[in-house]
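Novice: Take a look at protein38.pdb, PDB, C-alpha atoms:
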ATOM      1  CA  MET A   1       7.464  24.978  13.533
ATOM      2  CA  GLU A   2       6.909  22.359  16.139
ATOM      3  CA  CYS A   3       4.288  20.451  18.141
ATOM      4  CA  ASN A   4       5.184  18.910  21.497
ATOM      5  CA  GLY A   5       8.803  19.638  20.593
ATOM      6  CA  CYS A   6       8.512  17.683  17.319
ATOM      7  CA  GLU A   7       9.859  19.665  14.388
ATOM      8  CA  PHE A   8       7.561  20.080  11.403
ATOM      9  CA  ARG A   9       8.622  21.417   7.998
ATOM     10  CA  PRO A  10       5.678  22.699   5.931
ATOM     11  CA  GLU A  11       7.586  22.535   2.637
ATOM     12  CA  LEU A  12       7.918  18.739   2.826
ATOM     13  CA  TYR A  13       5.366  16.048   1.939
ATOM     14  CA  TYR A  14       4.203  13.442   4.473
ATOM     15  CA  ASP A  15       2.358  10.123   4.550
ATOM     16  CA  ASP A  16      -0.927  10.201   6.421
ATOM     17  CA  GLN A  17       0.659   8.779   9.587
ATOM     18  CA  TYR A  18       3.589  11.259   9.480
ATOM     19  CA  GLN A  19       6.116   8.430   9.524
ATOM     20  CA  ILE A  20       8.032   9.582   6.460
ATOM     21  CA  TRP A  21       8.704  12.808   4.617
ATOM     22  CA  ALA A  22       9.431  13.294   0.923
ATOM     23  CA  ARG A  23      11.183  16.149  -0.874
ATOM     24  CA  ARG A  24      11.004  16.943  -4.581
ATOM     25  CA  GLU A  25      14.402  17.009  -6.317
ATOM     26  CA  GLU A  26      15.276  18.787  -9.561
ATOM     27  CA  ASP A  27      16.211  15.549 -11.335
ATOM     28  CA  GLY A  28      12.708  14.081 -10.976
ATOM     29  CA  THR A  29      13.493  11.950  -7.949
ATOM     30  CA  LEU A  30      12.063  12.179  -4.454
ATOM     31  CA  THR A  31      14.149  12.092  -1.295
ATOM     32  CA  ILE A  32      12.665  10.046   1.543
ATOM     33  CA  GLY A  33      13.387  10.334   5.261
ATOM     34  CA  MET A  34      11.927   9.721   8.713
ATOM     35  CA  THR A  35      10.012  12.401  10.573
ATOM     36  CA  ASP A  36      10.938  13.715  13.997
ATOM     37  CA  ILE A  37       7.942  11.743  15.319
ATOM     38  CA  SER A  38       9.255   8.498  13.811
ATOM     39  CA  GLN A  39      12.807   8.827  15.062
ATOM     40  CA  THR A  40      11.489   9.631  18.542
ATOM     41  CA  VAL A  41       9.137   6.653  18.617
ATOM     42  CA  ALA A  42      11.928   4.364  17.395
ATOM     43  CA  GLY A  43      14.501   5.517  19.951
ATOM     44  CA  LYS A  44      18.185   5.147  19.196
ATOM     45  CA  ILE A  45      18.395   3.737  15.683
ATOM     46  CA  LEU A  46      20.996   1.007  15.384
ATOM     47  CA  HIS A  47      20.594  -0.363  11.864
ATOM     48  CA  VAL A  48      19.163   0.838   8.586
ATOM     49  CA  ARG A  49      18.963  -1.376   5.527
ATOM     50  CA  VAL A  50      17.751  -0.083   2.181
ATOM     51  CA  ARG A  51      16.565  -2.029  -0.847
ATOM     52  CA  ARG A  52      19.261  -2.222  -3.477
ATOM     53  CA  PRO A  53      19.222   0.592  -6.101
ATOM     54  CA  GLY A  54      17.249  -0.442  -9.150
ATOM     55  CA  THR A  55      14.671  -2.363  -7.105
ATOM     56  CA  LEU A  56      11.017  -1.680  -7.875
ATOM     57  CA  ARG A  57       8.988  -0.748  -4.803
ATOM     58  CA  PRO A  58       5.224  -1.058  -5.267
ATOM     59  CA  ILE A  59       2.868   0.747  -2.877
ATOM     60  CA  GLY A  60       3.064  -0.835   0.560
ATOM     61  CA  LYS A  61       6.448  -2.474   0.013
ATOM     62  CA  PRO A  62       9.032  -0.917   2.327
ATOM     63  CA  VAL A  63      11.867   1.235   1.031
ATOM     64  CA  ALA A  64      14.025   0.331   4.015
ATOM     65  CA  THR A  65      14.060  -1.483   7.352
ATOM     66  CA  ILE A  66      14.855   0.289  10.600
ATOM     67  CA  GLU A  67      16.020  -1.407  13.782
ATOM     68  CA  SER A  68      16.408   0.295  17.125
ATOM     69  CA  GLY A  69      16.822  -1.013  20.630
ATOM     70  CA  LYS A  70      13.086  -1.143  21.186
ATOM     71  CA  TRP A  71      11.459  -0.986  17.768
ATOM     72  CA  ALA A  72      11.807  -2.735  14.441
ATOM     73  CA  GLY A  73       9.863  -2.070  11.306
ATOM     74  CA  PRO A  74       9.642  -0.739   7.795
ATOM     75  CA  VAL A  75      10.141   2.655   6.250
ATOM     76  CA  PRO A  76       6.826   2.562   4.434
ATOM     77  CA  ASN A  77       6.195   3.403   0.814
ATOM     78  CA  VAL A  78       3.014   5.085  -0.420
ATOM     79  CA  PHE A  79       3.591   5.168  -4.200
ATOM     80  CA  ASP A  80       5.189   2.973  -6.877
ATOM     81  CA  CYS A  81       8.855   3.806  -7.302
ATOM     82  CA  VAL A  82      12.331   2.499  -8.015
ATOM     83  CA  ILE A  83      15.186   2.936  -5.533
ATOM     84  CA  GLU A  84      17.851   5.211  -7.014
ATOM     85  CA  ASP A  85      20.242   5.661  -4.126
ATOM     86  CA  ALA A  86      20.732   5.204  -0.394
ATOM     87  CA  ASN A  87      22.299   7.727   1.949
ATOM     88  CA  HIS A  88      25.582   6.010   2.746
ATOM     89  CA  ASP A  89      26.252   8.351   5.671
ATOM     90  CA  VAL A  90      23.067   7.133   7.339
ATOM     91  CA  LEU A  91      23.724   3.484   6.525
ATOM     92  CA  ASP A  92      27.107   3.809   8.189
ATOM     93  CA  ASP A  93      25.832   5.903  11.128
ATOM     94  CA  PRO A  94      22.075   5.377  11.622
ATOM     95  CA  ASN A  95      22.112   7.569  14.745
ATOM     96  CA  LEU A  96      22.163  10.541  12.325
ATOM     97  CA  LEU A  97      18.426   9.912  11.911
ATOM     98  CA  ASN A  98      17.997  10.719  15.611
ATOM     99  CA  ILE A  99      20.184  13.807  15.430
ATOM    100  CA  GLU A 100      18.925  15.496  12.258
ATOM    101  CA  PRO A 101      15.885  13.638  10.852
ATOM    102  CA  TYR A 102      15.206  16.211   8.128
ATOM    103  CA  GLU A 103      18.789  16.351   6.857
ATOM    104  CA  ALA A 104      19.647  12.680   7.253
ATOM    105  CA  TRP A 105      17.633  11.335   4.348
ATOM    106  CA  ILE A 106      17.390   7.567   3.829
ATOM    107  CA  ALA A 107      16.802   6.949   0.132
ATOM    108  CA  ARG A 108      16.234   8.669  -3.191
ATOM    109  CA  VAL A 109      13.506   7.102  -5.293
ATOM    110  CA  ARG A 110      12.136   7.667  -8.779
ATOM    111  CA  PRO A 111       8.334   7.453  -8.955
ATOM    112  CA  SER A 112       6.994   5.043 -11.584
ATOM    113  CA  GLY A 113       4.417   7.665 -12.608
ATOM    114  CA  SER A 114       4.861  11.423 -12.479
ATOM    115  CA  VAL A 115       6.249  13.144  -9.403
ATOM    116  CA  ASP A 116       2.986  15.079  -9.037
ATOM    117  CA  GLU A 117       1.031  11.845  -9.102
ATOM    118  CA  ALA A 118       3.248  10.366  -6.373
ATOM    119  CA  LEU A 119       3.000  13.464  -4.197
ATOM    120  CA  SER A 120      -0.785  13.618  -4.631
ATOM    121  CA  VAL A 121      -1.148  10.809  -2.073
ATOM    122  CA  MET A 122       0.873  12.755   0.504
ATOM    123  CA  VAL A 123      -0.018  15.797   2.585
ATOM    124  CA  THR A 124       1.870  19.062   2.855
ATOM    125  CA  GLY A 125       1.670  22.589   4.234
ATOM    126  CA  ASP A 126      -1.002  23.682   6.718
ATOM    127  CA  ALA A 127      -3.082  20.537   6.320
ATOM    128  CA  ALA A 128      -0.077  18.381   7.110
ATOM    129  CA  GLN A 129       0.784  20.479  10.128
ATOM    130  CA  VAL A 130      -2.691  20.023  11.596
ATOM    131  CA  GLY A 131      -2.429  16.234  11.232
ATOM    132  CA  TYR A 132       1.151  16.132  12.463
ATOM    133  CA  CYS A 133       0.299  18.071  15.625
ATOM    134  CA  GLU A 134      -2.838  16.003  16.124
ATOM    135  CA  ARG A 135      -0.772  12.798  16.161
ATOM    136  CA  THR A 136       1.706  14.182  18.702
ATOM    137  CA  ARG A 137      -1.191  15.133  20.978
ATOM    138  CA  ARG A 138      -3.194  11.941  20.472
ATOM    139  CA  GLU A 139      -0.238   9.699  21.241
ATOM    140  CA  ASP A 140       1.403  12.124  23.680
ATOM    141  CA  ILE A 141       4.641  12.114  21.696
ATOM    142  CA  HIS A 142       7.322  14.561  22.884
ATOM    143  CA  CYS A 143      10.269  14.560  20.520
ATOM    144  CA  GLU A 144      13.837  14.045  21.614
ATOM    145  CA  ARG A 145      16.890  14.656  19.507
ATOM    146  CA  GLY A 146      20.542  13.953  19.588
ATOM    147  CA  ALA A 147      23.011  11.155  20.057
ATOM    148  CA  ARG A 148      21.672   8.592  22.509
TER     149      ARG A 148
ATOM    150  CA  MET B 149      30.012   1.322   1.316
ATOM    151  CA  ALA B 150      29.598  -2.086   2.786
ATOM    152  CA  ASP B 151      27.358  -4.211   0.598
ATOM    153  CA  HIS B 152      25.611  -5.768   3.568
ATOM    154  CA  HIS B 153      23.504  -2.628   4.079
ATOM    155  CA  TYR B 154      21.378  -3.517   1.066
ATOM    156  CA  LEU B 155      18.345  -5.747   1.314
ATOM    157  CA  ASP B 156      18.317  -8.416  -1.358
ATOM    158  CA  ASN B 157      16.138 -11.173   0.031
ATOM    159  CA  GLU B 158      13.303 -12.657  -1.972
ATOM    160  CA  GLU B 159       9.859 -12.849  -0.449
ATOM    161  CA  LYS B 160       9.453 -15.783   1.894
ATOM    162  CA  SER B 161       6.975 -17.073   4.419
ATOM    163  CA  VAL B 162       7.978 -17.596   8.040
ATOM    164  CA  VAL B 163       6.057 -19.200  10.875
ATOM    165  CA  ILE B 164       7.020 -18.370  14.442
ATOM    166  CA  VAL B 165       5.592 -20.814  16.960
ATOM    167  CA  MET B 166       5.298 -19.038  20.290
ATOM    168  CA  THR B 167       5.046 -21.237  23.389
ATOM    169  CA  SER B 168       6.603 -18.890  25.960
ATOM    170  CA  GLY B 169       4.281 -16.994  28.274
ATOM    171  CA  PRO B 170       4.204 -14.891  31.430
ATOM    172  CA  SER B 171       6.203 -17.442  33.460
ATOM    173  CA  THR B 172       9.216 -16.738  31.220
ATOM    174  CA  ALA B 173       8.729 -13.013  30.637
ATOM    175  CA  HIS B 174      12.240 -12.520  29.276
ATOM    176  CA  ARG B 175      11.334 -14.764  26.308
ATOM    177  CA  CYS B 176       8.198 -12.846  25.320
ATOM    178  CA  ALA B 177       9.392  -9.732  23.439
ATOM    179  CA  THR B 178      12.055 -10.939  21.001
ATOM    180  CA  PRO B 179       9.792 -13.166  18.874
ATOM    181  CA  PHE B 180       7.565 -10.179  18.076
ATOM    182  CA  TYR B 181      10.586  -7.978  17.374
ATOM    183  CA  ILE B 182      11.992 -10.579  14.997
ATOM    184  CA  GLY B 183       8.560 -10.994  13.438
ATOM    185  CA  ALA B 184       8.386  -7.244  12.802
ATOM    186  CA  ILE B 185      11.844  -7.230  11.206
ATOM    187  CA  LEU B 186      10.977 -10.183   8.982
ATOM    188  CA  ALA B 187       7.697  -8.603   7.916
ATOM    189  CA  SER B 188       9.416  -5.317   7.113
ATOM    190  CA  MET B 189      11.798  -7.318   4.914
ATOM    191  CA  GLU B 190       8.664  -8.528   3.116
ATOM    192  CA  ALA B 191       8.427 -12.001   4.560
ATOM    193  CA  GLU B 192       4.892 -13.193   5.116
ATOM    194  CA  VAL B 193       5.022 -13.780   8.861
ATOM    195  CA  SER B 194       2.612 -15.753  11.024
ATOM    196  CA  ILE B 195       2.973 -16.060  14.787
ATOM    197  CA  PHE B 196       1.075 -18.983  16.256
ATOM    198  CA  PHE B 197       0.396 -18.788  20.010
ATOM    199  CA  THR B 198       0.174 -22.190  21.637
ATOM    200  CA  MET B 199       0.850 -23.749  25.062
ATOM    201  CA  GLU B 200       1.518 -21.001  27.635
ATOM    202  CA  ALA B 201       1.743 -18.322  24.943
ATOM    203  CA  VAL B 202      -2.053 -18.320  24.677
ATOM    204  CA  LYS B 203      -1.971 -16.374  27.956
ATOM    205  CA  LEU B 204      -0.392 -13.472  26.041
ATOM    206  CA  ALA B 205      -3.598 -13.208  24.037
ATOM    207  CA  GLN B 206      -5.749 -12.813  27.148
ATOM    208  CA  LYS B 207      -6.989  -9.245  27.615
ATOM    209  CA  GLY B 208      -4.865  -7.383  30.145
ATOM    210  CA  VAL B 209      -2.018  -9.911  30.374
ATOM    211  CA  ALA B 210       0.387  -8.600  27.713
ATOM    212  CA  GLU B 211      -0.194  -5.063  29.028
ATOM    213  CA  SER B 212       0.892  -6.083  32.498
ATOM    214  CA  PHE B 213       4.531  -7.070  32.075
ATOM    215  CA  ALA B 214       7.724  -6.498  30.107
ATOM    216  CA  ALA B 215      10.596  -8.737  29.056
ATOM    217  CA  MET B 216      13.075  -6.591  30.916
ATOM    218  CA  GLU B 217      12.772  -4.191  33.803
ATOM    219  CA  GLY B 218      11.682  -0.781  32.566
ATOM    220  CA  GLY B 219      11.215  -2.049  29.015
ATOM    221  CA  LYS B 220       8.254  -1.815  26.714
ATOM    222  CA  THR B 221       5.296  -3.977  27.615
ATOM    223  CA  ILE B 222       4.664  -7.133  25.621
ATOM    224  CA  ILE B 223       1.471  -5.724  24.112
ATOM    225  CA  GLU B 224       3.557  -2.924  22.589
ATOM    226  CA  PHE B 225       5.833  -5.480  20.923
ATOM    227  CA  ILE B 226       2.752  -7.363  19.716
ATOM    228  CA  ARG B 227       1.304  -4.167  18.241
ATOM    229  CA  ASP B 228       4.610  -3.273  16.547
ATOM    230  CA  ALA B 229       4.591  -6.704  14.908
ATOM    231  CA  LYS B 230       0.988  -6.250  13.800
ATOM    232  CA  ALA B 231       1.793  -2.812  12.377
ATOM    233  CA  ALA B 232       4.616  -4.348  10.352
ATOM    234  CA  GLY B 233       2.186  -6.875   8.861
ATOM    235  CA  VAL B 234       2.536  -9.956  11.067
ATOM    236  CA  LYS B 235      -0.550 -12.189  11.377
ATOM    237  CA  LEU B 236      -1.414 -13.637  14.762
ATOM    238  CA  TYR B 237      -3.049 -17.032  15.265
ATOM    239  CA  LEU B 238      -4.269 -18.490  18.543
ATOM    240  CA  CYS B 239      -4.374 -22.203  19.275
ATOM    241  CA  LYS B 240      -7.973 -23.111  20.015
ATOM    242  CA  PRO B 241      -7.207 -26.499  21.643
ATOM    243  CA  ALA B 242      -4.863 -24.768  24.132
ATOM    244  CA  MET B 243      -7.486 -22.313  25.349
ATOM    245  CA  PRO B 244      -9.473 -24.534  27.761
ATOM    246  CA  GLY B 245      -6.335 -25.450  29.670
ATOM    247  CA  TYR B 246      -5.890 -21.770  30.520
ATOM    248  CA  LYS B 247      -9.626 -21.233  31.026
ATOM    249  CA  LEU B 248      -9.847 -18.850  28.081
ATOM    250  CA  THR B 249     -12.913 -18.216  25.995
ATOM    251  CA  GLU B 250     -13.179 -16.198  22.794
ATOM    252  CA  SER B 251     -14.471 -13.160  24.700
ATOM    253  CA  ASP B 252     -11.205 -13.047  26.698
ATOM    254  CA  ILE B 253      -9.003 -12.593  23.626
ATOM    255  CA  ILE B 254      -7.309  -9.347  22.555
ATOM    256  CA  GLU B 255      -8.428  -7.806  19.286
ATOM    257  CA  GLU B 256      -4.919  -8.064  17.806
ATOM    258  CA  VAL B 257      -5.397 -11.818  17.217
ATOM    259  CA  ASP B 258      -6.358 -12.414  13.600
ATOM    260  CA  GLU B 259      -7.687 -15.935  13.920
ATOM    261  CA  ILE B 260      -8.461 -18.557  16.543
ATOM    262  CA  ALA B 261      -7.372 -21.738  14.800
ATOM    263  CA  ASN B 262      -7.095 -25.462  15.262
ATOM    264  CA  ALA B 263      -3.806 -27.324  15.452
ATOM    265  CA  SER B 264      -4.245 -28.417  11.857
ATOM    266  CA  LYS B 265      -3.943 -24.747  10.878
ATOM    267  CA  MET B 266      -0.549 -24.596  12.560
ATOM    268  CA  ALA B 267       0.414 -27.798  10.758
ATOM    269  CA  ASP B 268      -0.688 -26.294   7.422
ATOM    270  CA  LEU B 269       1.264 -23.098   8.078
ATOM    271  CA  ILE B 270       4.430 -24.991   8.985
ATOM    272  CA  LEU B 271       4.210 -27.398   6.074
ATOM    273  CA  ALA B 272       3.664 -24.568   3.617
ATOM    274  CA  CYS B 273       6.219 -22.049   4.918
ATOM    275  CA  ASP B 274       9.846 -21.489   3.948
ATOM    276  CA  LYS B 275      11.187 -21.139   7.490
ATOM    277  CA  SER B 276       9.874 -21.854  10.959
ATOM    278  CA  MET B 277      11.129 -20.664  14.340
ATOM    279  CA  PHE B 278      10.176 -21.757  17.828
ATOM    280  CA  PHE B 279      10.264 -19.704  21.025
TER     281      PHE B 279
END
As structure tokens - that is how I would like this structure written.
Specialist:
Amino acid sequence: MECNGCEFRPELYYDDQYQIWARREEDGTLTIGMTDISQTVAGKILHVRVRRPGTLRPIGKPVATIESGKWAGPVPNVFDCVIEDANHDVLDDPNLLNIEPYEAWIARVRPSGSVDEALSVMVTGDAAQVGYCERTRREDIHCERGAR
Amino acid sequence: MADHHYLDNEEKSVVIVMTSGPSTAHRCATPFYIGAILASMEAEVSIFFTMEAVKLAQKGVAESFAAMEGGKTIIEFIRDAKAAGVKLYLCKPAMPGYKLTESDIIEEVDEIANASKMADLILACDKSMFF
């Protein structure tokens, strides 16, 4: 599915601004990545830095920092969690986030509460798609992919 | 994997004193970019506009130019910094020299403050930078 050329995956969970996605893993962790909207807005991503595994991340404290040629900012966090792992492929080649934003995850985190509790603050499925498309229209975002 | 990819810094406060304005356009984007990076690394970041930088806080000015040809406008860099958590202060004593009143100021500015506020911020912060 897509809106303005921005890929949307209904099985994933999103923050209310559609900056990040989260995926439930079998071991009780959540995988976090950037959406197609985010990687497009950022442009070519040059650096990604993740908090060291074992670090507690309260709500609002970034999981990672992204730097591109024209944008710098946090990968936001919407629930209490601890960093479990970083995607070393992405740390070594951040451009992967531009090429395959839904495969090139950034970090795995373990929620401080239950996984269901963490995901309850995110949106998914049809409701998420409506909001995702609404943002692409409101901000006239047309997604671009690939090595830049 | 190289260890330098991990963020380990403790929380700190940083004050960026911004004096550059439209006459040196090429100096007007980077401070906001650096402010956004610092804020996303959890520093408490304040940018204090004084001298010619107060012009950047005048409605319409930061929308009207970029630091490099074809680049993002300065207001976009300001908004990125705000979105990352940076607080913006405007030097009240500098405003009359540029014929600015409070009604001229962009909504992104958090506080119009006296010079003593800048002094307090600098004396209390961990790091200060000047552009």
Novice: Written as number ranges by chain, what is the full residue list that the PyMOL selection byres ((chain B and resi 228-231) around 10) yields on the file shown?
Specialist: A: 70-74; B: 179-188, 193, 195, 222-227, 232-236, 256-258
Novice: Apply the PyMOL selection byres ((chain A) within 10 of (chain B)) to the displayed file and report the matching residues as a PyMOL selection string.
Specialist: chain A and resi 47-53+55+60-67+69-76+86+88-89+91-92
Novice: Just the residues within 10 Å of B:Met166, please, counting all atoms listed in the file, with nothing from its chain fewer than 3 positions along; format it as a list of chain:residue names.
Specialist: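 Non-adjacent residues within range: B:Val163, B:Gly169, B:Arg175, B:Cys176, B:Pro179, B:Phe180, B:Ile195, B:Phe196, B:Phe197, B:Thr198, B:Met199, B:Glu200, B:Ala201, B:Val202, B:Leu204, B:Tyr237, B:Leu238, B:Met277, B:Phe278, B:Phe279.
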Novice: For B:Gly245, which of B:Ala191, B:Gly208, B:Asp268, B:Lys203 is the closest residue, counting only C-alpha atoms?
Specialist: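 Closest to B:Gly245 of all the choices is B:Lys203.
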Novice: How many Å separate atom CA of A:Leu96 from atom CA of A:Thr31?
Specialist: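 Taking atom CA of A:Leu96 and atom CA of A:Thr31, their separation equals 15.9 Å.
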Novice: Counting all atoms listed in the file, I want the residues whose atoms come within 12 Å of (1.9, 5.5, 9.9) in the file frame, returned as a list in words.
Specialist: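 Looking at atoms near the point gives Tyr14, Asp15, Asp16, Gln17, Tyr18, Gln19, Ile20, Trp21, Met34, Thr35, Ile37, Ser38, Val41, Gly60, Gly73, Pro74, Val75, Pro76, Asn77, Val78, Met122, Gly131, Tyr132 and Arg135 of chain A; Asp228, Ala231 and Ala232 of chain B.
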Novice: Scan for residues within 9 Å of the point (-8.7, -21.5, 16.8) in the coordinates of the file, using only C-alpha atoms, and reply as a PyMOL selection string.
Specialist: chain B and resi 237-243+259-263+265
Novice: Save out the residues we just selected, C-alpha atoms, as a PDB file, in the frame of the given file.
Specialist:
ATOM      1  CA  TYR B 237      -3.049 -17.032  15.265  1.00  0.00           C
ATOM      2  CA  LEU B 238      -4.269 -18.490  18.543  1.00  0.00           C
ATOM      3  CA  CYS B 239      -4.374 -22.203  19.275  1.00  0.00           C
ATOM      4  CA  LYS B 240      -7.973 -23.111  20.015  1.00  0.00           C
ATOM      5  CA  PRO B 241      -7.207 -26.499  21.643  1.00  0.00           C
ATOM      6  CA  ALA B 242      -4.863 -24.768  24.132  1.00  0.00           C
ATOM      7  CA  MET B 243      -7.486 -22.313  25.349  1.00  0.00           C
ATOM      8  CA  GLU B 259      -7.687 -15.935  13.920  1.00  0.00           C
ATOM      9  CA  ILE B 260      -8.461 -18.557  16.543  1.00  0.00           C
ATOM     10  CA  ALA B 261      -7.372 -21.738  14.800  1.00  0.00           C
ATOM     11  CA  ASN B 262      -7.095 -25.462  15.262  1.00  0.00           C
ATOM     12  CA  ALA B 263      -3.806 -27.324  15.452  1.00  0.00           C
ATOM     13  CA  LYS B 265      -3.943 -24.747  10.878  1.00  0.00           C
TER      14      LYS B 265
END
Novice: Do a neighbour search on A:Arg9 at 12 Å with only C-alpha atoms, toss out local chain neighbours closer than 3 positions, and write the hits as a list in words.
Specialist: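 Skipping anything fewer than 3 positions along the chain leaves Met1, Glu2, Cys3, Cys6, Leu12, Tyr13, Tyr14, Tyr18, Ile20, Trp21, Ala22, Arg23, Thr35, Asp36, Pro101, Tyr102, Glu103, Val123, Thr124, Gly125, Asp126, Ala127, Ala128, Gln129, Val130, Tyr132 and Cys133 of chain A.
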Novice: With C-alpha atoms retained, export the selected residues as a compact mmCIF listing (two decimals), keeping the file's coordinate frame.
Specialist:
# COMPACT_ATOMS: atom_id res chain seq x y z
CA MET A 1 7.46 24.98 13.53
CA GLU A 2 6.91 22.36 16.14
CA CYS A 3 4.29 20.45 18.14
CA CYS A 6 8.51 17.68 17.32
CA LEU A 12 7.92 18.74 2.83
CA TYR A 13 5.37 16.05 1.94
CA TYR A 14 4.20 13.44 4.47
CA TYR A 18 3.59 11.26 9.48
CA ILE A 20 8.03 9.58 6.46
CA TRP A 21 8.70 12.81 4.62
CA ALA A 22 9.43 13.29 0.92
CA ARG A 23 11.18 16.15 -0.87
CA THR A 35 10.01 12.40 10.57
CA ASP A 36 10.94 13.72 14.00
CA PRO A 101 15.88 13.64 10.85
CA TYR A 102 15.21 16.21 8.13
CA GLU A 103 18.79 16.35 6.86
CA VAL A 123 -0.02 15.80 2.58
CA THR A 124 1.87 19.06 2.86
CA GLY A 125 1.67 22.59 4.23
CA ASP A 126 -1.00 23.68 6.72
CA ALA A 127 -3.08 20.54 6.32
CA ALA A 128 -0.08 18.38 7.11
CA GLN A 129 0.78 20.48 10.13
CA VAL A 130 -2.69 20.02 11.60
CA TYR A 132 1.15 16.13 12.46
CA CYS A 133 0.30 18.07 15.62
Novice: Once the PyMOL selection byres ((chain A and resi 24) around 10) has been applied to the shown file, what residues remain in the selection, as a list in words?
Specialist: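 Selection result, ordered by chain and number: Glu11, Leu12, Tyr13, Ala22, Arg23, Glu25, Glu26, Asp27, Gly28, Thr29, Leu30, Thr31, Ile32, Arg108, Val115, Asp116 and Leu119 of chain A.
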Novice: Could you state the separation of atom CA of A:His142 and atom CA of B:Glu211 in Å, given to one decimal place?
Specialist: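 Rounded to one decimal, the two atoms are 21.9 Å apart.
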Novice: Quick check, in Å to one decimal: how far apart do atom CA of B:Ile253 and atom CA of B:Glu192 lie?
Specialist: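 So the two atoms, atom CA of B:Ile253 and atom CA of B:Glu192, lie 23.2 Å apart.
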Novice: Return the single residue from A:Ala104, A:Leu97, A:Leu56, A:Val90 that is closest to A:Arg145, with distances computed using all atoms listed in the file.
Specialist: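 For A:Arg145, the nearest of the given residues is A:Leu97.
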Novice: For A:Thr40, which of A:Asp85, A:Glu134, A:Asp93, A:Glu144 is the closest residue, counting only C-alpha atoms?
Specialist: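 Closest to A:Thr40 of all the choices is A:Glu144.
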Novice: Give the answer as one residue: which of B:Asp252, B:Ser264, B:Ala272, B:Pro244 has the shortest atom-to-atom distance to B:Val209, using all atoms listed in the file?
Specialist: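 Among the listed residues, the smallest separation from B:Val209 belongs to B:Asp252.
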Novice: Would you pick out the contacts of A:Ala118 at 8 Å or less, using only C-alpha atoms, so that residues sharing its chain but fewer than 4 positions from it are not included, and give the list as a list in words?
Specialist: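 Counting only C-alpha atoms, the residues come to Val78, Phe79, Asp80, Pro111, Gly113, Ser114 and Met122 of chain A.
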Novice: Quick test: take stretch 29-69 of chain A, keep C-alpha atoms, and write it as a PDB file, in the first residue's frame.
Specialist:
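Output file part-v5.pdb is given in full below:
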ATOM      1  CA  THR A  29      11.402  -7.199  22.039  1.00  0.00           C
ATOM      2  CA  LEU A  30      10.258  -4.590  19.551  1.00  0.00           C
ATOM      3  CA  THR A  31      12.161  -3.669  16.409  1.00  0.00           C
ATOM      4  CA  ILE A  32      12.239   0.048  15.620  1.00  0.00           C
ATOM      5  CA  GLY A  33      12.835   1.714  12.259  1.00  0.00           C
ATOM      6  CA  MET A  34      12.144   4.856  10.242  1.00  0.00           C
ATOM      7  CA  THR A  35       9.129   5.148   7.976  1.00  0.00           C
ATOM      8  CA  ASP A  36       9.294   5.878   4.268  1.00  0.00           C
ATOM      9  CA  ILE A  37       8.020   9.379   5.128  1.00  0.00           C
ATOM     10  CA  SER A  38      10.880   9.951   7.582  1.00  0.00           C
ATOM     11  CA  GLN A  39      13.662   8.767   5.314  1.00  0.00           C
ATOM     12  CA  THR A  40      12.280  10.942   2.511  1.00  0.00           C
ATOM     13  CA  VAL A  41      12.053  14.043   4.686  1.00  0.00           C
ATOM     14  CA  ALA A  42      15.592  13.455   5.971  1.00  0.00           C
ATOM     15  CA  GLY A  43      17.161  12.982   2.536  1.00  0.00           C
ATOM     16  CA  LYS A  44      20.359  10.999   2.195  1.00  0.00           C
ATOM     17  CA  ILE A  45      21.177   9.730   5.673  1.00  0.00           C
ATOM     18  CA  LEU A  46      24.853  10.064   6.496  1.00  0.00           C
ATOM     19  CA  HIS A  47      25.145   9.060  10.149  1.00  0.00           C
ATOM     20  CA  VAL A  48      23.138   7.034  12.619  1.00  0.00           C
ATOM     21  CA  ARG A  49      24.098   6.751  16.266  1.00  0.00           C
ATOM     22  CA  VAL A  50      22.215   4.520  18.676  1.00  0.00           C
ATOM     23  CA  ARG A  51      22.215   4.556  22.466  1.00  0.00           C
ATOM     24  CA  ARG A  52      24.418   1.825  23.850  1.00  0.00           C
ATOM     25  CA  PRO A  53      22.662  -1.526  24.546  1.00  0.00           C
ATOM     26  CA  GLY A  54      21.496  -1.712  28.132  1.00  0.00           C
ATOM     27  CA  THR A  55      20.570   1.982  28.256  1.00  0.00           C
ATOM     28  CA  LEU A  56      17.148   2.846  29.656  1.00  0.00           C
ATOM     29  CA  ARG A  57      15.091   5.040  27.335  1.00  0.00           C
ATOM     30  CA  PRO A  58      12.160   6.780  29.026  1.00  0.00           C
ATOM     31  CA  ILE A  59       9.306   8.163  26.913  1.00  0.00           C
ATOM     32  CA  GLY A  60      10.525  11.124  24.889  1.00  0.00           C
ATOM     33  CA  LYS A  61      14.211  10.229  25.118  1.00  0.00           C
ATOM     34  CA  PRO A  62      15.546   9.347  21.669  1.00  0.00           C
ATOM     35  CA  VAL A  63      16.586   5.823  20.747  1.00  0.00           C
ATOM     36  CA  ALA A  64      19.007   7.133  18.139  1.00  0.00           C
ATOM     37  CA  THR A  65      20.220  10.263  16.362  1.00  0.00           C
ATOM     38  CA  ILE A  66      20.009  10.657  12.604  1.00  0.00           C
ATOM     39  CA  GLU A  67      22.076  13.074  10.544  1.00  0.00           C
ATOM     40  CA  SER A  68      21.575  13.765   6.871  1.00  0.00           C
ATOM     41  CA  GLY A  69      22.819  16.485   4.585  1.00  0.00           C
TER      42      GLY A  69
END
